[in-house]
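Chemist: Sharing a structure here in structure tokens format.
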Amino acid sequence: PWLSAWRNIHYMSTIGNFFSTLTQLPDIAITAARNPSATGNVLGRAIKKFARGKGGITEFPRKGFEFSSEDLGLISHAEDMMNIGKTSKWLDTTLKLNGFRWVDKLQKSTNISSTYEALRRQANMREGSAGFEKFKNEQLPRFGEAEFNNLVQALRNGDKTNENVRLALWNGLSEIQPISLSSMPEYYVKATHGRLLYALKSFTVKQISYIRRNM
């Protein structure tokens with residue numbers, strides 16, 4: 001418990017300010033680099049919804065997009081921030097007041113929604129085309145033939161509640177954000193008491209790994 005408390009206090013002293021919040025905004029650029037047109041479409045629709053008065057600024061990351069972080073059960077910025085206790089509540093309050101939580105939800109909603117649009121576009125391509133084959137090569141090893149076929153059909157039908165669709169969206173987000181233990185480095189998982197060393201590093205490590213593999 002004392003390690004978690006120290007980590008939470010460390011977070012409050014380092015990212016509990018408005019400048020740290022602003023430094024999170026460029027992370028949307030990674031999503032845009034991954035799915036350029038889909039990201040542009042998603043943000044464009046979200047801004048139009050906001051301009052029409054569909055939800056206030058605080059609800060923008062949730063109501064402005066087709067998917068939000070809550071739709072995938074995400075309640076924390078990253079895996080290494082998932083803990084309980086009094087200091088955890090202090091940290092949560094601090095990150096709400098400085099807008100950090102809002103920007104984080106905006107990033108996740110943008111990523112999840114743009115991934116959904118990109119996957120739907122690929123699933124609706126002619127089977128055998130280069131675009132569909134790329135989609136198939138990425139998703140088939142993850143799902144297996146039966147579940148892959150289910151994923152394709154669900155995407156073509158626009159079924160947002162399908163479990164395979166949501167798993168594909170989760171996988172897409174976990175490629176660039178440390179949202180679960182499975183997306184953390186091996187030594188983080190094994191070293192229970194050494195996880196403190198990853199404070200403020202897990203997000204950067206994940207993104208560097210993504211850039212190294214794909215860019």
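Note on naming: chains are A, B, ... as they come in the structure tokens, residues start from 1 per chain, ligands start from 1 in the order shown.
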So which bits of stretch 6-208 of chain A end up helix (DSSP H, G or I) when you DSSP the backbone, as a short mmCIF file (atom, residue, chain, number, x, y, z; two decimals) with N, CA and C atoms, in the first residue's frame?

Modeler:
data_model
loop_
_atom_site.label_atom_id
_atom_site.label_comp_id
_atom_site.auth_asym_id
_atom_site.auth_seq_id
_atom_site.Cartn_x
_atom_site.Cartn_y
_atom_site.Cartn_z
N TRP A 6 2.93 6.26 -2.46
CA TRP A 6 4.07 7.08 -2.92
C TRP A 6 3.94 7.37 -4.41
N ARG A 7 3.53 6.36 -5.18
CA ARG A 7 3.39 6.54 -6.62
C ARG A 7 2.31 7.57 -6.93
N ASN A 8 1.19 7.50 -6.24
CA ASN A 8 0.11 8.47 -6.47
C ASN A 8 0.54 9.89 -6.14
N ILE A 9 1.26 10.04 -5.04
CA ILE A 9 1.76 11.37 -4.66
C ILE A 9 2.77 11.86 -5.70
N HIS A 10 3.58 10.93 -6.19
CA HIS A 10 4.55 11.27 -7.24
C HIS A 10 3.84 11.77 -8.49
N TYR A 11 2.77 11.09 -8.88
CA TYR A 11 1.99 11.51 -10.03
C TYR A 11 1.38 12.90 -9.80
N MET A 12 0.85 13.12 -8.61
CA MET A 12 0.23 14.42 -8.33
C MET A 12 1.24 15.56 -8.43
N SER A 13 2.47 15.29 -8.03
CA SER A 13 3.50 16.34 -8.04
C SER A 13 4.10 16.57 -9.43
N THR A 14 3.89 15.62 -10.35
CA THR A 14 4.51 15.74 -11.67
C THR A 14 3.52 16.04 -12.79
N ILE A 15 2.37 15.37 -12.79
CA ILE A 15 1.40 15.60 -13.87
C ILE A 15 0.14 16.31 -13.37
N PHE A 18 -1.53 22.01 -15.27
CA PHE A 18 -2.16 22.23 -16.57
C PHE A 18 -1.20 22.01 -17.73
N PHE A 19 0.09 22.30 -17.52
CA PHE A 19 1.07 22.11 -18.60
C PHE A 19 1.16 20.64 -18.99
N SER A 20 1.12 19.75 -18.00
CA SER A 20 1.17 18.32 -18.28
C SER A 20 -0.05 17.89 -19.10
N THR A 21 -1.18 18.53 -18.83
CA THR A 21 -2.39 18.23 -19.60
C THR A 21 -2.19 18.59 -21.07
N LEU A 22 -1.61 19.75 -21.33
CA LEU A 22 -1.40 20.20 -22.70
C LEU A 22 -0.45 19.28 -23.46
N LEU A 25 -2.04 16.37 -25.63
CA LEU A 25 -2.78 16.59 -26.86
C LEU A 25 -2.08 16.05 -28.12
N PRO A 26 -0.74 16.20 -28.23
CA PRO A 26 -0.08 15.67 -29.44
C PRO A 26 -0.21 14.16 -29.61
N ASP A 27 -0.63 13.45 -28.55
CA ASP A 27 -0.79 12.00 -28.69
C ASP A 27 -1.86 11.64 -29.71
N ILE A 28 -2.80 12.58 -29.93
CA ILE A 28 -3.82 12.33 -30.95
C ILE A 28 -3.18 12.22 -32.33
N ALA A 29 -1.99 12.83 -32.48
CA ALA A 29 -1.29 12.76 -33.77
C ALA A 29 -0.91 11.33 -34.12
N ILE A 30 -0.63 10.50 -33.11
CA ILE A 30 -0.29 9.09 -33.38
C ILE A 30 -1.50 8.37 -33.96
N THR A 31 -2.67 8.66 -33.39
CA THR A 31 -3.90 8.08 -33.92
C THR A 31 -4.14 8.55 -35.35
N ALA A 32 -3.89 9.84 -35.58
CA ALA A 32 -4.09 10.40 -36.92
C ALA A 32 -3.11 9.80 -37.93
N ALA A 33 -1.88 9.54 -37.50
CA ALA A 33 -0.89 8.95 -38.39
C ALA A 33 -1.27 7.52 -38.73
N ARG A 34 -1.96 6.87 -37.81
CA ARG A 34 -2.35 5.48 -38.00
C ARG A 34 -3.55 5.36 -38.94
N PRO A 36 -5.43 8.23 -40.84
CA PRO A 36 -5.59 9.67 -41.13
C PRO A 36 -7.01 10.10 -41.46
N SER A 37 -7.61 9.49 -42.48
CA SER A 37 -8.94 9.93 -42.91
C SER A 37 -10.00 9.61 -41.87
N ALA A 38 -9.89 8.43 -41.25
CA ALA A 38 -10.87 8.04 -40.23
C ALA A 38 -10.82 8.99 -39.04
N THR A 39 -9.62 9.37 -38.62
CA THR A 39 -9.47 10.29 -37.49
C THR A 39 -10.06 11.65 -37.84
N GLY A 40 -9.79 12.12 -39.05
CA GLY A 40 -10.36 13.40 -39.48
C GLY A 40 -11.87 13.37 -39.49
N ASN A 41 -12.44 12.29 -40.00
CA ASN A 41 -13.90 12.16 -40.05
C ASN A 41 -14.50 12.12 -38.65
N VAL A 42 -13.88 11.36 -37.76
CA VAL A 42 -14.37 11.20 -36.39
C VAL A 42 -14.35 12.54 -35.64
N LEU A 43 -13.24 13.24 -35.73
CA LEU A 43 -13.13 14.53 -35.04
C LEU A 43 -14.08 15.56 -35.65
N GLY A 44 -14.22 15.52 -36.98
CA GLY A 44 -15.13 16.44 -37.65
C GLY A 44 -16.57 16.27 -37.19
N ARG A 45 -17.03 15.02 -37.11
CA ARG A 45 -18.39 14.75 -36.65
C ARG A 45 -18.57 15.13 -35.18
N ALA A 46 -17.55 14.87 -34.38
CA ALA A 46 -17.64 15.20 -32.96
C ALA A 46 -17.77 16.71 -32.75
N ILE A 47 -17.00 17.47 -33.51
CA ILE A 47 -17.05 18.93 -33.39
C ILE A 47 -18.41 19.45 -33.85
N LYS A 48 -18.97 18.87 -34.91
CA LYS A 48 -20.29 19.28 -35.39
C LYS A 48 -21.36 19.00 -34.34
N LYS A 49 -21.26 17.84 -33.67
CA LYS A 49 -22.22 17.51 -32.61
C LYS A 49 -22.13 18.53 -31.48
N PHE A 50 -20.91 18.88 -31.12
CA PHE A 50 -20.72 19.86 -30.05
C PHE A 50 -21.29 21.22 -30.45
N ALA A 51 -21.06 21.61 -31.72
CA ALA A 51 -21.56 22.90 -32.20
C ALA A 51 -23.08 22.96 -32.21
N ILE A 57 -19.08 20.69 -22.79
CA ILE A 57 -17.66 20.42 -22.98
C ILE A 57 -17.19 19.26 -22.12
N THR A 58 -17.76 19.10 -20.92
CA THR A 58 -17.32 18.01 -20.05
C THR A 58 -17.76 16.65 -20.58
N GLU A 59 -18.86 16.63 -21.34
CA GLU A 59 -19.38 15.37 -21.88
C GLU A 59 -18.89 15.11 -23.31
N PHE A 60 -18.11 16.02 -23.84
CA PHE A 60 -17.67 15.92 -25.24
C PHE A 60 -16.97 14.61 -25.56
N PRO A 61 -16.00 14.14 -24.75
CA PRO A 61 -15.32 12.88 -25.08
C PRO A 61 -16.24 11.66 -25.06
N ARG A 62 -17.37 11.76 -24.37
CA ARG A 62 -18.28 10.62 -24.28
C ARG A 62 -19.41 10.71 -25.29
N LYS A 63 -20.03 11.88 -25.43
CA LYS A 63 -21.19 12.01 -26.30
C LYS A 63 -20.86 12.43 -27.73
N SER A 69 -14.22 5.74 -23.97
CA SER A 69 -13.41 4.82 -23.18
C SER A 69 -14.28 3.96 -22.27
N GLU A 70 -15.40 4.53 -21.79
CA GLU A 70 -16.30 3.79 -20.91
C GLU A 70 -16.93 2.59 -21.61
N ASP A 71 -17.10 2.69 -22.92
CA ASP A 71 -17.69 1.58 -23.68
C ASP A 71 -16.83 0.33 -23.63
N LEU A 72 -15.53 0.52 -23.42
CA LEU A 72 -14.62 -0.62 -23.32
C LEU A 72 -14.25 -0.91 -21.87
N GLU A 79 -2.59 1.38 -17.15
CA GLU A 79 -2.60 0.27 -16.21
C GLU A 79 -1.90 0.61 -14.91
N ASP A 80 -0.79 1.35 -14.98
CA ASP A 80 -0.03 1.63 -13.77
C ASP A 80 -0.67 2.71 -12.91
N MET A 81 -1.84 3.20 -13.31
CA MET A 81 -2.58 4.14 -12.47
C MET A 81 -3.80 3.49 -11.84
N LYS A 86 -6.93 6.06 -0.39
CA LYS A 86 -7.18 7.48 -0.21
C LYS A 86 -6.36 8.32 -1.18
N THR A 87 -5.07 7.99 -1.34
CA THR A 87 -4.23 8.79 -2.24
C THR A 87 -4.68 8.64 -3.69
N SER A 88 -5.28 7.49 -4.03
CA SER A 88 -5.80 7.30 -5.39
C SER A 88 -6.94 8.28 -5.65
N LYS A 89 -7.77 8.51 -4.64
CA LYS A 89 -8.86 9.47 -4.77
C LYS A 89 -8.31 10.89 -4.91
N TRP A 90 -7.24 11.18 -4.18
CA TRP A 90 -6.61 12.50 -4.31
C TRP A 90 -6.08 12.70 -5.72
N LEU A 91 -5.43 11.66 -6.25
CA LEU A 91 -4.88 11.73 -7.60
C LEU A 91 -6.00 11.93 -8.62
N ASP A 92 -7.08 11.18 -8.48
CA ASP A 92 -8.20 11.28 -9.41
C ASP A 92 -8.78 12.68 -9.41
N THR A 93 -8.94 13.26 -8.22
CA THR A 93 -9.47 14.63 -8.11
C THR A 93 -8.52 15.63 -8.77
N THR A 94 -7.22 15.46 -8.54
CA THR A 94 -6.22 16.36 -9.12
C THR A 94 -6.26 16.32 -10.65
N LEU A 95 -6.34 15.11 -11.21
CA LEU A 95 -6.33 14.96 -12.66
C LEU A 95 -7.64 15.39 -13.31
N LYS A 96 -8.70 15.43 -12.52
CA LYS A 96 -9.96 15.98 -13.03
C LYS A 96 -9.89 17.49 -13.06
N LEU A 97 -9.34 18.09 -12.01
CA LEU A 97 -9.29 19.54 -11.91
C LEU A 97 -8.36 20.17 -12.95
N PHE A 100 -6.62 16.72 -17.06
CA PHE A 100 -5.86 15.58 -17.57
C PHE A 100 -6.79 14.43 -17.94
N ARG A 101 -7.76 14.15 -17.08
CA ARG A 101 -8.70 13.06 -17.35
C ARG A 101 -9.51 13.35 -18.62
N TRP A 102 -9.91 14.60 -18.80
CA TRP A 102 -10.72 14.97 -19.96
C TRP A 102 -9.94 14.74 -21.25
N VAL A 103 -8.69 15.18 -21.27
CA VAL A 103 -7.86 15.00 -22.47
C VAL A 103 -7.59 13.52 -22.72
N ASP A 104 -7.38 12.77 -21.65
CA ASP A 104 -7.15 11.34 -21.81
C ASP A 104 -8.37 10.66 -22.42
N LYS A 105 -9.55 11.01 -21.95
CA LYS A 105 -10.77 10.44 -22.52
C LYS A 105 -10.95 10.86 -23.97
N LEU A 106 -10.57 12.10 -24.28
CA LEU A 106 -10.65 12.58 -25.66
C LEU A 106 -9.74 11.75 -26.56
N GLN A 107 -8.52 11.49 -26.11
CA GLN A 107 -7.59 10.67 -26.89
C GLN A 107 -8.16 9.28 -27.13
N LYS A 108 -8.65 8.67 -26.07
CA LYS A 108 -9.15 7.30 -26.18
C LYS A 108 -10.39 7.24 -27.08
N SER A 109 -11.30 8.19 -26.93
CA SER A 109 -12.50 8.21 -27.76
C SER A 109 -12.14 8.40 -29.22
N THR A 110 -11.18 9.26 -29.49
CA THR A 110 -10.73 9.49 -30.87
C THR A 110 -10.11 8.22 -31.45
N ASN A 111 -9.26 7.58 -30.67
CA ASN A 111 -8.60 6.36 -31.14
C ASN A 111 -9.59 5.24 -31.40
N ILE A 112 -10.47 4.98 -30.43
CA ILE A 112 -11.42 3.87 -30.55
C ILE A 112 -12.38 4.09 -31.72
N SER A 113 -12.91 5.32 -31.82
CA SER A 113 -13.88 5.62 -32.87
C SER A 113 -13.25 5.60 -34.25
N SER A 114 -12.03 6.11 -34.37
CA SER A 114 -11.37 6.10 -35.68
C SER A 114 -10.97 4.68 -36.08
N THR A 115 -10.58 3.87 -35.09
CA THR A 115 -10.27 2.46 -35.38
C THR A 115 -11.51 1.74 -35.88
N TYR A 116 -12.65 2.02 -35.25
CA TYR A 116 -13.90 1.40 -35.68
C TYR A 116 -14.23 1.77 -37.12
N GLU A 117 -14.10 3.04 -37.45
CA GLU A 117 -14.40 3.47 -38.82
C GLU A 117 -13.44 2.83 -39.82
N ALA A 118 -12.17 2.76 -39.46
CA ALA A 118 -11.19 2.15 -40.37
C ALA A 118 -11.46 0.66 -40.56
N LEU A 119 -11.81 -0.03 -39.46
CA LEU A 119 -12.10 -1.46 -39.56
C LEU A 119 -13.36 -1.71 -40.39
N ARG A 120 -14.36 -0.88 -40.23
CA ARG A 120 -15.59 -1.04 -41.03
C ARG A 120 -15.30 -0.84 -42.51
N ARG A 121 -14.48 0.12 -42.80
CA ARG A 121 -14.13 0.39 -44.20
C ARG A 121 -13.40 -0.80 -44.80
N GLN A 122 -12.47 -1.38 -44.05
CA GLN A 122 -11.72 -2.53 -44.54
C GLN A 122 -12.61 -3.76 -44.70
N ALA A 123 -13.50 -3.98 -43.71
CA ALA A 123 -14.37 -5.16 -43.75
C ALA A 123 -15.34 -5.11 -44.93
N ALA A 130 -6.59 -5.77 -51.99
CA ALA A 130 -5.41 -5.53 -51.16
C ALA A 130 -5.80 -5.05 -49.77
N GLY A 131 -6.81 -4.17 -49.71
CA GLY A 131 -7.24 -3.63 -48.43
C GLY A 131 -7.84 -4.69 -47.53
N PHE A 132 -8.69 -5.55 -48.11
CA PHE A 132 -9.31 -6.60 -47.31
C PHE A 132 -8.28 -7.63 -46.86
N GLU A 133 -7.33 -7.95 -47.73
CA GLU A 133 -6.31 -8.94 -47.38
C GLU A 133 -5.41 -8.41 -46.25
N LYS A 134 -5.13 -7.12 -46.26
CA LYS A 134 -4.34 -6.53 -45.17
C LYS A 134 -5.11 -6.64 -43.85
N PHE A 135 -6.38 -6.32 -43.91
CA PHE A 135 -7.26 -6.44 -42.74
C PHE A 135 -7.30 -7.88 -42.25
N LYS A 136 -7.43 -8.81 -43.18
CA LYS A 136 -7.51 -10.24 -42.83
C LYS A 136 -6.21 -10.72 -42.20
N ASN A 137 -5.10 -10.31 -42.75
CA ASN A 137 -3.80 -10.73 -42.23
C ASN A 137 -3.55 -10.20 -40.82
N GLU A 138 -4.13 -9.05 -40.51
CA GLU A 138 -3.96 -8.48 -39.18
C GLU A 138 -4.88 -9.13 -38.16
N GLN A 139 -6.12 -9.40 -38.55
CA GLN A 139 -7.13 -9.85 -37.59
C GLN A 139 -7.29 -11.36 -37.49
N LEU A 140 -7.08 -12.09 -38.59
CA LEU A 140 -7.30 -13.54 -38.56
C LEU A 140 -6.44 -14.26 -37.51
N PRO A 141 -5.14 -13.93 -37.38
CA PRO A 141 -4.34 -14.61 -36.35
C PRO A 141 -4.82 -14.32 -34.93
N ARG A 142 -5.47 -13.21 -34.73
CA ARG A 142 -5.94 -12.83 -33.40
C ARG A 142 -7.25 -13.52 -33.03
N PHE A 143 -8.08 -13.78 -34.03
CA PHE A 143 -9.43 -14.27 -33.75
C PHE A 143 -9.67 -15.73 -34.15
N GLY A 144 -8.92 -16.23 -35.11
CA GLY A 144 -9.25 -17.55 -35.64
C GLY A 144 -10.33 -17.39 -36.70
N GLU A 145 -10.50 -18.41 -37.54
CA GLU A 145 -11.38 -18.28 -38.71
C GLU A 145 -12.84 -17.99 -38.36
N ALA A 146 -13.41 -18.76 -37.41
CA ALA A 146 -14.83 -18.59 -37.08
C ALA A 146 -15.11 -17.21 -36.50
N GLU A 147 -14.28 -16.78 -35.54
CA GLU A 147 -14.50 -15.48 -34.91
C GLU A 147 -14.16 -14.33 -35.86
N PHE A 148 -13.21 -14.57 -36.76
CA PHE A 148 -12.89 -13.54 -37.76
C PHE A 148 -14.09 -13.30 -38.67
N ASN A 149 -14.73 -14.39 -39.12
CA ASN A 149 -15.91 -14.26 -39.97
C ASN A 149 -17.03 -13.52 -39.23
N ASN A 150 -17.15 -13.80 -37.94
CA ASN A 150 -18.14 -13.10 -37.12
C ASN A 150 -17.82 -11.62 -37.02
N LEU A 151 -16.53 -11.31 -36.87
CA LEU A 151 -16.08 -9.91 -36.81
C LEU A 151 -16.41 -9.18 -38.10
N VAL A 152 -16.12 -9.80 -39.22
CA VAL A 152 -16.38 -9.19 -40.53
C VAL A 152 -17.87 -8.90 -40.69
N GLN A 153 -18.71 -9.87 -40.36
CA GLN A 153 -20.15 -9.70 -40.51
C GLN A 153 -20.67 -8.61 -39.59
N ALA A 154 -20.16 -8.58 -38.35
CA ALA A 154 -20.60 -7.56 -37.39
C ALA A 154 -20.20 -6.17 -37.85
N LEU A 155 -19.00 -6.03 -38.38
CA LEU A 155 -18.55 -4.73 -38.88
C LEU A 155 -19.39 -4.28 -40.08
N ARG A 156 -19.69 -5.22 -40.96
CA ARG A 156 -20.51 -4.89 -42.13
C ARG A 156 -21.92 -4.48 -41.73
N ASN A 157 -22.42 -5.08 -40.65
CA ASN A 157 -23.78 -4.76 -40.16
C ASN A 157 -23.80 -3.55 -39.25
N GLU A 163 -19.07 -8.56 -29.40
CA GLU A 163 -17.90 -8.76 -28.55
C GLU A 163 -16.60 -8.75 -29.35
N ASN A 164 -16.61 -9.32 -30.53
CA ASN A 164 -15.41 -9.33 -31.35
C ASN A 164 -15.05 -7.94 -31.86
N VAL A 165 -16.05 -7.15 -32.17
CA VAL A 165 -15.81 -5.77 -32.57
C VAL A 165 -15.13 -5.01 -31.44
N ARG A 166 -15.67 -5.16 -30.25
CA ARG A 166 -15.10 -4.44 -29.10
C ARG A 166 -13.71 -4.96 -28.75
N LEU A 167 -13.48 -6.24 -28.95
CA LEU A 167 -12.14 -6.78 -28.71
C LEU A 167 -11.15 -6.22 -29.72
N ALA A 168 -11.58 -6.09 -30.97
CA ALA A 168 -10.71 -5.51 -32.00
C ALA A 168 -10.38 -4.06 -31.67
N LEU A 169 -11.35 -3.33 -31.13
CA LEU A 169 -11.11 -1.94 -30.75
C LEU A 169 -10.16 -1.87 -29.55
N TRP A 170 -10.36 -2.79 -28.61
CA TRP A 170 -9.46 -2.86 -27.45
C TRP A 170 -8.02 -3.15 -27.91
N ASN A 171 -7.89 -4.10 -28.82
CA ASN A 171 -6.56 -4.44 -29.34
C ASN A 171 -5.91 -3.24 -30.02
N GLY A 172 -6.72 -2.49 -30.76
CA GLY A 172 -6.18 -1.32 -31.45
C GLY A 172 -5.67 -0.27 -30.49
N LEU A 173 -6.41 -0.03 -29.42
CA LEU A 173 -5.99 0.97 -28.43
C LEU A 173 -4.78 0.48 -27.64
N SER A 174 -4.76 -0.82 -27.32
CA SER A 174 -3.67 -1.34 -26.50
C SER A 174 -2.34 -1.37 -27.25
N LEU A 181 -2.46 -5.20 -18.17
CA LEU A 181 -1.20 -5.88 -17.88
C LEU A 181 -0.60 -6.51 -19.13
N SER A 182 -1.45 -7.03 -20.00
CA SER A 182 -0.95 -7.70 -21.20
C SER A 182 -0.26 -6.74 -22.16
N SER A 183 -0.49 -5.44 -22.00
CA SER A 183 0.15 -4.46 -22.88
C SER A 183 1.34 -3.78 -22.20
N GLU A 186 7.27 -7.08 -20.02
CA GLU A 186 7.32 -8.33 -19.26
C GLU A 186 7.81 -8.12 -17.84
N TYR A 187 8.82 -7.27 -17.66
CA TYR A 187 9.39 -7.08 -16.33
C TYR A 187 8.44 -6.32 -15.41
N TYR A 188 7.57 -5.52 -15.98
CA TYR A 188 6.56 -4.85 -15.15
C TYR A 188 5.61 -5.88 -14.56
N VAL A 189 5.21 -6.84 -15.37
CA VAL A 189 4.27 -7.88 -14.92
C VAL A 189 4.90 -8.75 -13.85
N LYS A 190 6.18 -9.10 -14.04
CA LYS A 190 6.84 -10.02 -13.11
C LYS A 190 7.28 -9.33 -11.82
N THR A 192 6.43 -7.25 -9.17
CA THR A 192 5.32 -6.59 -8.49
C THR A 192 5.78 -5.34 -7.74
N HIS A 193 6.88 -5.45 -7.00
CA HIS A 193 7.35 -4.32 -6.20
C HIS A 193 8.28 -3.40 -7.00
N GLY A 194 8.58 -3.81 -8.23
CA GLY A 194 9.44 -2.96 -9.05
C GLY A 194 8.67 -2.11 -10.04
N ARG A 195 7.34 -2.18 -9.95
CA ARG A 195 6.52 -1.43 -10.90
C ARG A 195 6.62 0.07 -10.71
N LEU A 196 7.08 0.46 -9.53
CA LEU A 196 7.24 1.88 -9.25
C LEU A 196 8.24 2.51 -10.22
N LEU A 197 9.18 1.71 -10.71
CA LEU A 197 10.19 2.21 -11.63
C LEU A 197 9.59 2.64 -12.97
N TYR A 198 8.38 2.15 -13.27
CA TYR A 198 7.72 2.48 -14.53
C TYR A 198 6.83 3.72 -14.43
N SER A 202 5.51 4.23 -18.59
CA SER A 202 4.81 3.17 -19.31
C SER A 202 4.19 3.67 -20.62
N PHE A 203 3.60 4.86 -20.58
CA PHE A 203 2.94 5.41 -21.76
C PHE A 203 3.96 5.69 -22.85
N THR A 204 5.08 6.29 -22.47
CA THR A 204 6.13 6.61 -23.45
C THR A 204 6.74 5.35 -24.02
N VAL A 205 7.00 4.36 -23.17
CA VAL A 205 7.58 3.09 -23.63
C VAL A 205 6.67 2.44 -24.66
N LYS A 206 5.36 2.46 -24.39
CA LYS A 206 4.40 1.84 -25.29
C LYS A 206 4.38 2.54 -26.64
N GLN A 207 4.39 3.86 -26.63
CA GLN A 207 4.32 4.61 -27.88
C GLN A 207 5.61 4.49 -28.69
N ILE A 208 6.75 4.47 -28.00
CA ILE A 208 8.02 4.28 -28.70
C ILE A 208 8.04 2.90 -29.36
#

Chemist: Quick one: residues within 8 Å of A:Tyr210, only C-alpha atoms, excluding same-chain residues fewer than 4 positions away - as a short mmCIF file (atom, residue, chain, number, x, y, z; two decimals) with C-alpha atoms, in the first residue's frame?

Modeler:
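Output saved as around_29.cif:
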data_model
loop_
_atom_site.label_atom_id
_atom_site.label_comp_id
_atom_site.auth_asym_id
_atom_site.auth_seq_id
_atom_site.Cartn_x
_atom_site.Cartn_y
_atom_site.Cartn_z
CA GLU A 175 -1.13 -1.14 -29.33
CA ILE A 176 -0.36 2.46 -28.40
CA LYS A 206 4.40 1.84 -25.29
CA ASN A 214 5.11 0.69 -37.58
CA MET A 215 6.80 3.93 -38.62
#

Chemist: Quick check, in Å to one decimal: how far apart do atom CA of A:Ile75 and atom CA of A:Gly56 lie?

Modeler: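 Taking atom CA of A:Ile75 and atom CA of A:Gly56, their separation equals 20.1 Å.
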
Chemist: Atom CA of A:Lys160 and atom CA of A:Phe67 are how many Å apart?

Modeler: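 Answer for the atom CA of A:Lys160 to atom CA of A:Phe67 separation: 8.6 Å.
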
Chemist: Atom CA of A:Met125 and atom CA of A:Gly158, how far apart in Å?

Modeler: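 Going from atom CA of A:Gly158 over to atom CA of A:Met125, I get 14.2 Å.
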